[in-house]
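**Student:** Below is one structure. I have some questions about it.
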Amino acid sequence: MSATFILSFDCEGKWGVADALASAHARQLTDERLGEAYRHILALLDEHEIGATFAFVGSFAQTREAFARVRPALEEFVRDYPHYLGPALEQIADGKADGWHGDHLVEFVGNARTAHEIALHGVTHVPWTAMDRRSAEAELTLFESLEGPVRESRTFVYPRNLVAHSGLLAEHGFLGFRTAVPPRSRSASLLSEFNLLAAPEQPIAGGSIITIPAGYFLNWRHGVRRLVPPAVTVMRARRLLDAAAASDGIVHYWLHPENIVSAPATLPLLRMLLREVAQARDAGRCEVRTQVAYCREQQSLR
């Protein structure tokens with residue numbers, strides 16, 4: 001028996017906070033700071049030879065030239081989601097492009113020594129629960145006009161972890177999507193960080209598309225979350241890996257590179273997590289998978 005470990009990153013730039021651009025967090029998401037965060041993350045992954053899934057917002061993954069080509073289609077979405085996409089397109093049109101174009105970050109990931117997966121985190125980052133089926137279909141049609149490695153995505157991470165219209169994904173060539181835990185309060189989410197008896201997940205059966213277990217958010221050391229001692233976070237990960245190794249379970253951790261921009265103390269937690277995973281892998285108790293590798297493995301078992 002051995003654990004299966006998956007690590008996924010939700011890669012958003014300013015698209016993830018397009019409805020909160022006046023926030024301090026949004027102002028921190030500059031090209032320079034994002035580049036620094038990605039370089040640190042990729043160096044850690046190379047150090048431990050751990051492949052991960054980087055799920056990019058499709059619009060964020062485009063070069064400026066490619067973005068200009070898809071912009072007319074994005075303007076169609078503004079009419080339905082003006083409070084979200086309107087400010088984004090206005091800033092870009094005004095030349096305030098810092099944090100909106102992440103094609104160089106996609107290139108960083110693709111050029112890393114360790115092979116990683118490029119996945120899709122929506123095209124616009126508008127939550128799919130706010131879309132009807134027609135709009136979700138239109139977004140996937142827009143996905144097919146994107147350029148660069150993100151166009152080859154075969155797994156999907158829902159914006160804001162709000163799952164909807166999953167049946168459409170298989171129709172557009174996706175093999176799987178990361179599911180989500182039921183909504184809970186911020187206090188309940190914080191308290192869960194202290195749960196050292198959390199159980200690893202198991203494969204989710206059925207469906208025309210693979211459902212990837214939701215996993216665990218790596219604690220973002222920001223605000224009240226700084227109250228969670230790093231030792232507790234590491235102990236929780238170690239116990240999850242041990243339990244998964246004994247039950248052929250799955251341990252899926254996820255976070256945003258943007259979390260490291262706004263709270264650099266999150267990076268040492270990632271370092272400690274990767275150390276635990278590498279030790280378990282080298283001892284034969286853990287196998288590392290990207291989301292797409294996990295999906296293909298599950299498909300072969302059906």
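FYI, nothing fancy with the structure tokens labels: chains A, B, ... in order, residues from 1 per chain, ligands from 1 as they appear.
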So which residues touch A:Ala283 within 12 Å, counting only C-alpha atoms, skipping near sequence neighbours fewer than 5 positions away, as a ChimeraX atom specification?
**Tutor:** /A:2-3,241-242,245,276-278
**Student:** Give me, as a PyMOL selection string, all polymer residues having an atom no more than 12 Å from A:Ala88, counting only C-alpha atoms and skipping those fewer than 4 positions away in the same chain.
**Tutor:** chain A and resi 13-22+26+59-60+71+74-75+77-78+81-84+92-101+124-126
**Student:** From a DSSP calculation on the backbone, collect every residue of stretch 77-231 of chain A in alpha helix (DSSP H) and output the set as a PyMOL selection string.
**Tutor:** chain A and resi 77-78+82-93+103-111+133-143+166-171+186-192+230-231
**Student:** Any idea what the distance is between atom CA of A:Glu49 and atom CA of A:Gly176?
**Tutor:**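 Between atom CA of A:Glu49 and atom CA of A:Gly176 the gap is 24.0 Å.
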**Student:** So that I can see what lies close to A:Gly207, please list as a list in words the residues with an atom at most 10 Å from it, counting only C-alpha atoms and leaving out residues fewer than 6 positions away in the same chain.
**Tutor:**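 Surrounding residues, per the criterion: Ser166, Gly167, Ala170 and Gly176 of chain A.
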**Student:** Could you turn the residues from that selection into a file that holds C-alpha atoms, as a CSV table (one decimal), in the first residue's frame?
**Tutor:**
```csv
chain,number,residue,atom,x,y,z
A,166,SER,CA,-19.3,19.5,-14.8
A,167,GLY,CA,-20.9,17.5,-17.6
A,170,ALA,CA,-16.0,16.0,-20.7
A,176,GLY,CA,-11.1,15.4,-14.7
```
**Student:** At a cut-off of 12 Å, can you tabulate as CSV every residue of stretch 199-302 of chain A near stretch 42-45 of chain A together with its closest atom pair and the distance in Å to one decimal, using only C-alpha atoms and ordering rows by chain then number?
**Tutor:**
```
residue,atom,partner,partner_atom,distance
A:Pro257,CA,A:Leu42,CA,10.4
A:Leu267,CA,A:Leu44,CA,9.3
A:Pro268,CA,A:Leu44,CA,10.0
A:Leu269,CA,A:Leu44,CA,11.3
A:Leu270,CA,A:Leu44,CA,8.3
A:Arg271,CA,A:Leu44,CA,6.6
A:Met272,CA,A:Leu44,CA,10.0
A:Leu273,CA,A:Leu44,CA,10.5
A:Leu274,CA,A:Leu45,CA,7.6
A:Arg275,CA,A:Leu44,CA,9.4
A:Val277,CA,A:Leu45,CA,11.0
A:Ala278,CA,A:Leu45,CA,10.1
A:Val288,CA,A:Leu45,CA,11.7
```
**Student:** What would the file look like if the residues just selected were written as a short mmCIF file (atom, residue, chain, number, x, y, z; two decimals), in the first residue's frame with C-alpha atoms?
**Tutor:**
```
data_model
loop_
_atom_site.label_atom_id
_atom_site.label_comp_id
_atom_site.auth_asym_id
_atom_site.auth_seq_id
_atom_site.Cartn_x
_atom_site.Cartn_y
_atom_site.Cartn_z
CA PRO A 257 1.07 31.30 -5.69
CA LEU A 267 6.52 29.48 1.65
CA PRO A 268 8.26 27.73 4.60
CA LEU A 269 5.07 25.70 5.09
CA LEU A 270 5.27 24.56 1.48
CA ARG A 271 8.92 23.67 2.00
CA MET A 272 8.05 21.57 5.06
CA LEU A 273 5.17 19.85 3.24
CA LEU A 274 7.38 18.93 0.30
CA ARG A 275 10.01 17.57 2.65
CA VAL A 277 6.21 14.10 0.84
CA ALA A 278 9.73 13.48 -0.46
CA VAL A 288 3.42 11.66 -6.50
#
```
**Student:** Rounded to one decimal place, report the atom CA of A:Leu196-atom CA of A:Ser8 distance in Å.
**Tutor:**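 Computing the Euclidean distance for atom CA of A:Leu196 and atom CA of A:Ser8 yields 21.6 Å.
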**Student:** Using only C-alpha atoms for the distances, tell me which of A:Val150, A:Cys295, A:Leu301, A:Ile6 is nearest to A:Val106.
**Tutor:**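 Ranking A:Val150, A:Cys295, A:Leu301, A:Ile6 by distance to A:Val106, first place goes to A:Val150.
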